[in-house]
Each structure stands twice: as C-alpha cells, then as structure tokens.
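Heads up, the thing below is written out as structure tokens.
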Amino acid sequence: MSDLPRLPSLPLPLLNRLRARRARLRWWWHVQAPRAAKRALDLLVVVPALVLLSPLFAAVALAIRCQDGGSALFWQRRVGRDGVEFAFPKFRSMRLDAEAVQLALAATNQHGPAGVTFKMKRDPRITPVGRLIRRASIDELPQLWCVLRGTMSLVGPRPPLVGEVARYTLDERQRLAVTPGLTCIWQVSGRSEVPFPEQVQMDLAYIRQPSLRADVGLLLKTLPAVVRGRGAY
C-alpha cells in the first residue's frame, strides 16, 4: 500500500498571520464580546431608568435643599477600573461638615478603628432626609449617570475612595481590574454588615468568573435586598 501524498506545508509568514488572526478572534470572543454584552445591558437598563426616575430625582433634591440649604448632590473622587479616578455623585445624606466630623468618630467604626472602610450604625452625621433615602438606597441613584458615561457598570465591585485604595494590599487591589458597579454580590448579601475581608473575597470570586447571567441574577436580587434594607445605614 503506497503512502498517501503529503499536503504541502503553508509558508511560515502565512502560518504566522493565521495564528495571529486566530489569537485575535479568541481574545475578542473571550474578552471583548462579554464586555460589549455587559455594556449593552447597562445602556438597556440605565437610559429608561434615568427618564422614569427623573421626577423622583427632582423631589429628593428639593427635600435636601429645603432641609439645610446645602447642595443636593455630594461629589467624591472614587477609584475605578485600572486605578483611574472619576467623579462619583450621591444624593447628600449627611451634614455639610460630615467629612471633618468623621475623624472624631474613627473609634466607633464598625469595621474597626483601623478598618479600610468606615461604617457606623446610627451615624450622627446623617440628616433626617438622609436616613430615609439611605434606607431605600435612593442616595445611590445619581450613579446611574456614571453608568451612562461608562465609568461604572450596573454590576461590579463598589468603587472605593482614594484613601481606601492607598491602604489596599496587593490582593485587595485586584478589585480594580474591572469596571466598578452600582450593585455587587456583597450588597445583596448584607451590605455594610459584611466585613471588609469578606467583601474582597466576594468581589474577587465575581471577577474570576464573569457572566452576563450572573449580572442579571444580581440585578434581580438587588430590589428585594433594598426592600429588606439589611445593612443599609
């Protein structure tokens, strides 16, 4: 039985181009396609949400202004994907001197006096209107604007303060590998009652196994979590 004829081998330059094209297709399918799908989900939700919630935004802003005459929005510098800082808005739920007063309250931090994050039940800095909007997470809604701009996503690790990141370990800095989110796995699992080390582990588990189905599931769990109000203070 005669040997079958051998097919001619491809020229090396052509073979390298085919390999490079296959690598680009694999990268697009595993990296860019999920990002594009996630961005499409963000826009599909956030555009109508901003329109429908605009009367609520106006009412909350008016209530805050009437309370003490201060600005309705409170802006912070937060750290996003790859360590890039961005402007982060919330409806103001605290007194105008809240950041200065926090230094005197460091010993009462629920996450420990030396904790990376600051959380406190019955925080004296919170205003009456602020307590109401925090209970329902309404204070977070201006961040929908960040989702529209692309500096945030609907689902992802919550964006930390600049000062918090300065105290991160190398493992904790892995949280900055993805776009931060409006909601995340630990927010639907107890929010402020979840200790910071557990928050980090939950975020890293989410980052290692990205899934559009998981994002939709977390969004569906967010509304019941808000209604229950566990850890909202």
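Lettering and numbering for the structure tokens are positional, with chains as A, B, ... in the shown order, residues counted from 1 in each chain, and ligands counted from 1 in the shown order.
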
Please return as JSON, numbers by chain: the residues of region 180-224 of chain A that backbone DSSP assigns to alpha helix (DSSP H).
{"A": [196, 197, 198, 199, 200, 201, 202, 203, 204, 205, 206, 207, 208, 212, 213, 214, 215, 216, 217, 218, 219, 220, 221, 222, 223, 224]}

Hey, what's within 7 Å of Arg78 (chain A) if we count only C-alpha atoms and toss same-chain stuff fewer than 3 positions away? As a list of chain:residue names, please?
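Contacts, in chain order: A:Glu85, A:Phe86, A:Ala87, A:Phe88, A:Pro159, A:Pro160, A:Leu161, A:Val162.
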
Written file, previous selection with all heavy atoms, as a PDB file, in the first residue's frame:
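Printed below is out.pdb as written:
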```
ATOM      1  N   GLU A  85      -9.194  57.440  38.579  1.00  0.00           N
ATOM      2  CA  GLU A  85     -10.144  58.162  39.417  1.00  0.00           C
ATOM      3  C   GLU A  85     -11.255  58.779  38.566  1.00  0.00           C
ATOM      4  O   GLU A  85     -11.046  59.127  37.408  1.00  0.00           O
ATOM      5  CB  GLU A  85      -9.428  59.264  40.202  1.00  0.00           C
ATOM      6  CG  GLU A  85      -8.409  58.754  41.210  1.00  0.00           C
ATOM      7  CD  GLU A  85      -7.761  59.875  41.989  1.00  0.00           C
ATOM      8  OE1 GLU A  85      -8.377  60.963  42.095  1.00  0.00           O
ATOM      9  OE2 GLU A  85      -6.643  59.693  42.493  1.00  0.00           O
ATOM     10  N   PHE A  86     -12.436  58.922  39.183  1.00  0.00           N
ATOM     11  CA  PHE A  86     -13.550  59.563  38.486  1.00  0.00           C
ATOM     12  C   PHE A  86     -14.458  60.245  39.511  1.00  0.00           C
ATOM     13  O   PHE A  86     -14.392  59.954  40.716  1.00  0.00           O
ATOM     14  CB  PHE A  86     -14.339  58.552  37.649  1.00  0.00           C
ATOM     15  CG  PHE A  86     -15.076  57.508  38.442  1.00  0.00           C
ATOM     16  CD1 PHE A  86     -16.433  57.647  38.742  1.00  0.00           C
ATOM     17  CD2 PHE A  86     -14.428  56.364  38.894  1.00  0.00           C
ATOM     18  CE1 PHE A  86     -17.110  56.687  39.465  1.00  0.00           C
ATOM     19  CE2 PHE A  86     -15.095  55.393  39.617  1.00  0.00           C
ATOM     20  CZ  PHE A  86     -16.443  55.554  39.912  1.00  0.00           C
ATOM     21  N   ALA A  87     -15.289  61.165  39.041  1.00  0.00           N
ATOM     22  CA  ALA A  87     -16.222  61.895  39.901  1.00  0.00           C
ATOM     23  C   ALA A  87     -17.434  61.010  40.189  1.00  0.00           C
ATOM     24  O   ALA A  87     -18.057  60.476  39.280  1.00  0.00           O
ATOM     25  CB  ALA A  87     -16.653  63.187  39.223  1.00  0.00           C
ATOM     26  N   PHE A  88     -17.765  60.890  41.470  1.00  0.00           N
ATOM     27  CA  PHE A  88     -18.775  59.938  41.938  1.00  0.00           C
ATOM     28  C   PHE A  88     -19.855  60.709  42.702  1.00  0.00           C
ATOM     29  O   PHE A  88     -19.582  61.277  43.762  1.00  0.00           O
ATOM     30  CB  PHE A  88     -18.063  58.910  42.836  1.00  0.00           C
ATOM     31  CG  PHE A  88     -18.947  57.904  43.511  1.00  0.00           C
ATOM     32  CD1 PHE A  88     -19.211  56.683  42.921  1.00  0.00           C
ATOM     33  CD2 PHE A  88     -19.480  58.156  44.772  1.00  0.00           C
ATOM     34  CE1 PHE A  88     -19.986  55.733  43.570  1.00  0.00           C
ATOM     35  CE2 PHE A  88     -20.256  57.220  45.430  1.00  0.00           C
ATOM     36  CZ  PHE A  88     -20.513  56.004  44.814  1.00  0.00           C
ATOM     37  N   PRO A 159     -17.011  51.065  43.870  1.00  0.00           N
ATOM     38  CA  PRO A 159     -15.789  51.868  43.714  1.00  0.00           C
ATOM     39  C   PRO A 159     -15.307  52.419  45.049  1.00  0.00           C
ATOM     40  O   PRO A 159     -16.075  53.062  45.767  1.00  0.00           O
ATOM     41  CB  PRO A 159     -16.239  52.997  42.772  1.00  0.00           C
ATOM     42  CG  PRO A 159     -17.714  53.110  42.996  1.00  0.00           C
ATOM     43  CD  PRO A 159     -18.198  51.727  43.300  1.00  0.00           C
ATOM     44  N   PRO A 160     -14.057  52.183  45.407  1.00  0.00           N
ATOM     45  CA  PRO A 160     -13.540  52.642  46.697  1.00  0.00           C
ATOM     46  C   PRO A 160     -13.103  54.107  46.657  1.00  0.00           C
ATOM     47  O   PRO A 160     -12.874  54.690  45.594  1.00  0.00           O
ATOM     48  CB  PRO A 160     -12.335  51.735  46.928  1.00  0.00           C
ATOM     49  CG  PRO A 160     -11.840  51.430  45.542  1.00  0.00           C
ATOM     50  CD  PRO A 160     -13.067  51.369  44.673  1.00  0.00           C
ATOM     51  N   LEU A 161     -12.964  54.667  47.843  1.00  0.00           N
ATOM     52  CA  LEU A 161     -12.389  56.001  47.992  1.00  0.00           C
ATOM     53  C   LEU A 161     -10.890  55.951  47.709  1.00  0.00           C
ATOM     54  O   LEU A 161     -10.242  54.906  47.859  1.00  0.00           O
ATOM     55  CB  LEU A 161     -12.622  56.523  49.403  1.00  0.00           C
ATOM     56  CG  LEU A 161     -14.070  56.815  49.806  1.00  0.00           C
ATOM     57  CD1 LEU A 161     -14.174  56.944  51.314  1.00  0.00           C
ATOM     58  CD2 LEU A 161     -14.568  58.077  49.126  1.00  0.00           C
ATOM     59  N   VAL A 162     -10.340  57.092  47.318  1.00  0.00           N
ATOM     60  CA  VAL A 162      -8.909  57.168  47.033  1.00  0.00           C
ATOM     61  C   VAL A 162      -8.101  56.786  48.272  1.00  0.00           C
ATOM     62  O   VAL A 162      -7.119  56.040  48.196  1.00  0.00           O
ATOM     63  CB  VAL A 162      -8.535  58.584  46.553  1.00  0.00           C
ATOM     64  CG1 VAL A 162      -7.031  58.703  46.349  1.00  0.00           C
ATOM     65  CG2 VAL A 162      -9.277  58.928  45.259  1.00  0.00           C
TER      66      VAL A 162
END
```

What lies within 10 Å of region 72-76 of chain A using only C-alpha atoms, ignoring chain neighbours under 5 positions off, as number ranges by chain?
A: 57-58, 60-67, 85-94, 96, 139, 142, 161-162

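CA of Leu148 (chain A) to CA of Pro180 (chain A) spans 12.9 Å [interatomic distance, one decimal].
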
Quick check, in Å to one decimal: how far apart do CA of Glu164 (chain A) and CA of Gln199 (chain A) lie?
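Answer for the CA of Glu164 (chain A) to CA of Gln199 (chain A) separation: 13.7 Å.
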
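A straight line drawn from CA of Ser137 (chain A) to CA of Ala37 (chain A) is 26.3 Å long.
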
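Neighbours of Gly83 (chain A) closer than or equal to 9 Å, with only C-alpha atoms counted and sequence neighbours fewer than 5 positions away skipped, come out as Val165, Arg173, Leu176 and Ala177 of chain A.
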